[in-house]
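**Q** Structure incoming, see below.
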Amino acid sequence: MPRGPSSTVSSYATSTALVPDLLHATPFTRIDREQTKLAIALAFASGVSGGLFSEALERASVAPSRWDPAAFANDLFLSSFVTHCFKIRIGEGEPAFATKHLTNLLAHPPDDEATIHHRRGIVAELVSRPELRQRLEELYVGLCRLRALVEGSATGRPWDLRRRQLDVLGAVKQAFDAMADGFATARSGLARLSAFGRRVQAGEPYTALSDLLEYDEKLATLNLKVQIGADGKIRGFELQSVEQNDANMFASPAWKRWLAKVELFVRGYRFDDSEIMARLIDAVFEGIEDDVIHFVQLLGDIEFFLGALGFRDRARAAGLDVCLPALVRPEEPRALQGLFNPLLLAHGVVPVPCDLAIHRHDATVLVTGPNSGGKTRLLQSVGLTQLLAQSGVFVPARAGSVALARRLVVSLLQETRADQSEGRLGMELVRIRELFEHLPPGAMVLLDELCSGTNPSEGEEIFELVVRMLNRLRPYAFITTHFLGFAARLERERVIPDLCFVQVALGADHEPTYQFAPGVATTSLAGHAAKRLGVSGDQLLALVERNIERARAGA
């Protein structure tokens, strides 16, 4: 099955301390290790590598997934959902994040159920323990600073290669320390951060890193006597004493440094202190390089969880609730309370939440009701709920239960192409054929206006055939239709097992309430829709008369 930009999954690690992978039950390296290592080494040496992190994440592989994004991503506007709803907000800032990487992760929900529970455990702990969320945000800010330094996009001081490299090493050490100390009490997969950080801290390369940074920061302590003039300005100072940091492995007395230079000069070597420092920096970086490359993948992992929390924050700000739904078996009921369409939220529209109750997941649901009553929006909401639930994050509902689906197939957009060889009915039949070519049992299927491209009698015949064949696959199917008489007959005769019927609920004025109730709608309210959109007889006649008058006036 398709697995994203890279279909080859890296070997799984044997210890959680080796790879700080937050996304999978069994940790593994998803980025191209050798290519990323080379890119970071070149960036450390030159300071010019814009886009290193995002490019590596875009090429990263994903865990095995049966889901094919081509079957649902466009119809669910997945990229738009990630861009607008998975925003990361820390304080008053909204850092730029790798949208393509996040979209690819959500488009490939893992087959491994243990991985889903692993992610849910992290999400739940971040919500229940705000201090861990704060630690994760602080780690993310530190990694973003490290990224800016490595890629050469950090500003604020004159260009100095050695100074920049020392700043990079300082940011690396801060990240290791933040991981080791900030997540020591975590009980979820976040504990991997502490295990990784502590493993690095226990190694000799980390000790060399710490000593070099200490040497750079504190070679010696000077005691000065400062002279201040009447105007408050410094007139001069007198050196009282010098205390060298002799405990540092890189420090040595001045006379030893002088003798070493004399000896090297006599032997014919020509280099200065800056070159020696450069060699020390390179040696320290080489010692930690294999661990530093994991920061690229970790940055993307953290964005996944902070994005999920950002979605929760945005929904709550609009008066809506999200949840981690209960994961149930296919034969158990589907119950979603306060279900809303996050695509509306993404575009600044506060959606109206609704409740949806179906007696079991592996059933086919026919949705009827007037145009603009919320049928298509309902299908989008159900599809995104399934996608997010199987990705291990919050779904757009206050509470609910979801059974895992083997695949997701969505057909909501019926676009006419310039190169299509078939008419509307032909394209509809092609759509049906493509649906059944690769549809496994237990998949979720969302179809909007099935068989609407032909006359009702022929359309109903094809419609019933599709529903009967789908029923053999025990799908989680939602299908909208305006064949109201046909739907009413199916409800009345009950000739197809586990066929359910849901209709748009109407208010006292026959306007849609964007709620859903059991049963089949009795009218599509085409007249109401026509009047609302200005297509009644009187409205069209007024337009015609206006145009005639304009033509006469122009003549």
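Letters for chains follow the order of the structure tokens (A, B, ...), residue numbers begin at 1 for each chain, and ligand numbers begin at 1 in the order shown.
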For stretch 469-475 of chain A, work out the shell of residues within 12 Å, counting only C-alpha atoms and skipping chain neighbours fewer than 6 positions away, then give it as a VMD selection string.

**A** chain A and resid 330 to 331 360 to 365 403 to 409 432 to 433 435 to 447 462 to 463 495 to 500

**Q** If we count only C-alpha atoms and set the cut-off at 9 Å, which residues sit around A:Ser54, ignoring sequence neighbours fewer than 5 positions away in its own chain? Please answer as a ChimeraX atom specification.

**A** /A:59,97-98,100-101,296,300

**Q** For A:Pro64, which residue among A:Pro27, A:Pro20, A:Pro110, A:Gly307 is the nearest when counting only C-alpha atoms?

**A** A:Pro110

**Q** Could you list, as a count of residues only, every residue within 6 Å of stretch 317-321 of chain A, counting only C-alpha atoms and ignoring same-chain residues fewer than 2 positions away?

**A** 3

**Q** Work out how far atom CA of A:Val395 is from atom CA of A:Pro512, in Å to one decimal.

**A**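 Straight-line distance from atom CA of A:Pro512 to atom CA of A:Val395 works out to 24.4 Å.
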
**Q** I'd like a table as CSV: residues in stretch 286-308 of chain A with an atom no more than 9 Å from stretch 32-45 of chain A, each row giving the shortest atom pair and its distance in Å to one decimal, only C-alpha atoms counted, sorted by chain and rising residue number.

**A**
residue,atom,partner,partner_atom,distance
A:Glu286,CA,A:Ala41,CA,8.5
A:Glu289,CA,A:Lys37,CA,7.3
A:Asp290,CA,A:Lys37,CA,7.4
A:Val292,CA,A:Lys37,CA,8.6
A:Ile293,CA,A:Lys37,CA,6.0
A:His294,CA,A:Arg33,CA,8.6
A:Val296,CA,A:Thr36,CA,8.4

**Q** Contacts of stretch 354-359 of chain A at 10 Å or less, counting only C-alpha atoms, minus same-chain residues fewer than 4 places along, as a VMD selection string?

**A** chain A and resid 331 to 341 363 to 365 378 382 397 to 401 498 500 to 502 513 to 518

**Q** Any chance you could list, as a ChimeraX atom specification, the residues in stretch 292-434 of chain A that come up alpha helix (DSSP H) when DSSP is run on the backbone?

**A** /A:292,294-317,342-346,375-391,424-434

**Q** Using only C-alpha atoms, which protein or nucleic acid residues come within 10 Å of A:Thr481? Drop anything in the same chain fewer than 4 positions from it, and give the result as a list in words.

**A**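 Here the answer would be Leu366, Val367, Thr368, Gly369, Pro370, Lys375, Leu447, Asp448, Glu449, Leu450, Cys451, Ser452, Glu460, Phe463, Phe486, Ala487 and Ser524 of chain A.
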
**Q** If I take atom CA of A:Glu55 and atom CA of A:Glu138, how far is one from the other in Å, to one decimal?

**A**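 Interatomic distance, atom CA of A:Glu55 to atom CA of A:Glu138: 23.3 Å.
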
**Q** Which residues come within 12 Å of A:Asp112, counting only C-alpha atoms, excluding same-chain residues fewer than 5 positions away, as a PDB file with N, CA and C atoms, in the first residue's frame?

**A**
ATOM      1  N   LEU A  23       6.083   9.010  18.017  1.00  0.00           N
ATOM      2  CA  LEU A  23       4.884   8.699  17.253  1.00  0.00           C
ATOM      3  C   LEU A  23       4.547   7.225  17.161  1.00  0.00           C
ATOM      4  N   HIS A  24       5.451   6.328  17.523  1.00  0.00           N
ATOM      5  CA  HIS A  24       5.218   4.908  17.278  1.00  0.00           C
ATOM      6  C   HIS A  24       5.521   4.071  18.505  1.00  0.00           C
ATOM      7  N   ALA A  25       4.745   3.010  18.669  1.00  0.00           N
ATOM      8  CA  ALA A  25       4.924   2.137  19.822  1.00  0.00           C
ATOM      9  C   ALA A  25       6.320   1.527  19.829  1.00  0.00           C
ATOM     10  N   THR A  26       6.790   1.110  18.673  1.00  0.00           N
ATOM     11  CA  THR A  26       8.164   0.639  18.526  1.00  0.00           C
ATOM     12  C   THR A  26       8.939   1.726  17.804  1.00  0.00           C
ATOM     13  N   VAL A  62       6.877   6.726   6.573  1.00  0.00           N
ATOM     14  CA  VAL A  62       5.839   6.578   7.591  1.00  0.00           C
ATOM     15  C   VAL A  62       5.705   5.103   7.934  1.00  0.00           C
ATOM     16  N   ALA A  63       5.075   4.832   9.051  1.00  0.00           N
ATOM     17  CA  ALA A  63       4.825   3.444   9.440  1.00  0.00           C
ATOM     18  C   ALA A  63       3.830   2.813   8.464  1.00  0.00           C
ATOM     19  N   PRO A  64       3.803   1.499   8.372  1.00  0.00           N
ATOM     20  CA  PRO A  64       2.867   0.835   7.453  1.00  0.00           C
ATOM     21  C   PRO A  64       1.421   1.291   7.667  1.00  0.00           C
ATOM     22  N   SER A  65       0.742   1.619   6.555  1.00  0.00           N
ATOM     23  CA  SER A  65      -0.649   2.082   6.605  1.00  0.00           C
ATOM     24  C   SER A  65      -1.379   1.559   5.373  1.00  0.00           C
ATOM     25  N   ARG A  66      -2.597   1.043   5.572  1.00  0.00           N
ATOM     26  CA  ARG A  66      -3.419   0.583   4.447  1.00  0.00           C
ATOM     27  C   ARG A  66      -4.114   1.738   3.738  1.00  0.00           C
ATOM     28  N   HIS A 117      -2.713   3.707  20.368  1.00  0.00           N
ATOM     29  CA  HIS A 117      -2.825   3.876  21.821  1.00  0.00           C
ATOM     30  C   HIS A 117      -1.608   4.609  22.388  1.00  0.00           C
ATOM     31  N   HIS A 118      -0.447   4.380  21.804  1.00  0.00           N
ATOM     32  CA  HIS A 118       0.761   5.094  22.229  1.00  0.00           C
ATOM     33  C   HIS A 118       0.574   6.602  22.067  1.00  0.00           C
ATOM     34  N   ARG A 119       0.064   7.030  20.925  1.00  0.00           N
ATOM     35  CA  ARG A 119      -0.152   8.458  20.688  1.00  0.00           C
ATOM     36  C   ARG A 119      -1.239   9.015  21.599  1.00  0.00           C
ATOM     37  N   GLN A 390      -8.016   7.461  14.147  1.00  0.00           N
ATOM     38  CA  GLN A 390      -7.033   6.436  13.824  1.00  0.00           C
ATOM     39  C   GLN A 390      -5.614   6.991  13.788  1.00  0.00           C
ATOM     40  N   SER A 391      -5.486   8.316  13.840  1.00  0.00           N
ATOM     41  CA  SER A 391      -4.167   8.929  13.980  1.00  0.00           C
ATOM     42  C   SER A 391      -3.783   9.091  15.436  1.00  0.00           C
ATOM     43  N   GLY A 392      -4.734   8.826  16.349  1.00  0.00           N
ATOM     44  CA  GLY A 392      -4.426   8.868  17.771  1.00  0.00           C
ATOM     45  C   GLY A 392      -4.554  10.229  18.411  1.00  0.00           C
ATOM     46  N   LEU A 404     -12.166   1.112  14.439  1.00  0.00           N
ATOM     47  CA  LEU A 404     -11.112   1.306  13.461  1.00  0.00           C
ATOM     48  C   LEU A 404     -11.528   0.728  12.112  1.00  0.00           C
ATOM     49  N   ARG A 406     -10.443  -0.264   8.014  1.00  0.00           N
ATOM     50  CA  ARG A 406      -9.284  -0.728   7.256  1.00  0.00           C
ATOM     51  C   ARG A 406      -8.837   0.291   6.205  1.00  0.00           C
TER      52      ARG A 406
END

**Q** Nearest to A:Gly121: which of A:Ala521, A:Leu429, A:Val393, A:Ala488 is it, counting only C-alpha atoms?

**A**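 Between A:Ala521, A:Leu429, A:Val393, A:Ala488, the residue approaching A:Gly121 most closely is A:Val393.
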
**Q** Env of A:Val123: 9 Å cut, atoms = only C-alpha atoms, seq-sep filter 5 positions within chain, self excluded. Answer as a PDB file with C-alpha atoms, in the first residue's frame.

**A**
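Once written, out-v3.pdb looks like this:
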ATOM      1  CA  HIS A 118       0.761   5.094  22.229  1.00  0.00           C
ATOM      2  CA  SER A 128      -3.858  16.176  32.232  1.00  0.00           C
ATOM      3  CA  SER A 188       3.453   8.054  28.624  1.00  0.00           C
ATOM      4  CA  PHE A 305       1.267  16.758  19.245  1.00  0.00           C
ATOM      5  CA  ALA A 308      -3.315  18.448  18.037  1.00  0.00           C
ATOM      6  CA  LEU A 309      -3.327  20.592  21.177  1.00  0.00           C
ATOM      7  CA  LEU A 324     -10.246  11.125  22.460  1.00  0.00           C
ATOM      8  CA  GLY A 392      -4.426   8.868  17.771  1.00  0.00           C
ATOM      9  CA  VAL A 393      -5.486  12.479  18.356  1.00  0.00           C
ATOM     10  CA  PHE A 394      -8.577  14.518  19.215  1.00  0.00           C
TER      11      PHE A 394
END

**Q** Rounded to one decimal in Å, what is the spacing between atom CA of A:Pro396 and atom CA of A:Pro342?

**A**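 Answer for the atom CA of A:Pro396 to atom CA of A:Pro342 separation: 6.7 Å.
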
**Q** Hey, which of A:Leu132, A:Ala505, A:Val127, A:Leu465 ends up closest to A:Thr185? Count only C-alpha atoms.

**A**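 For A:Thr185, the nearest of the given residues is A:Leu132.
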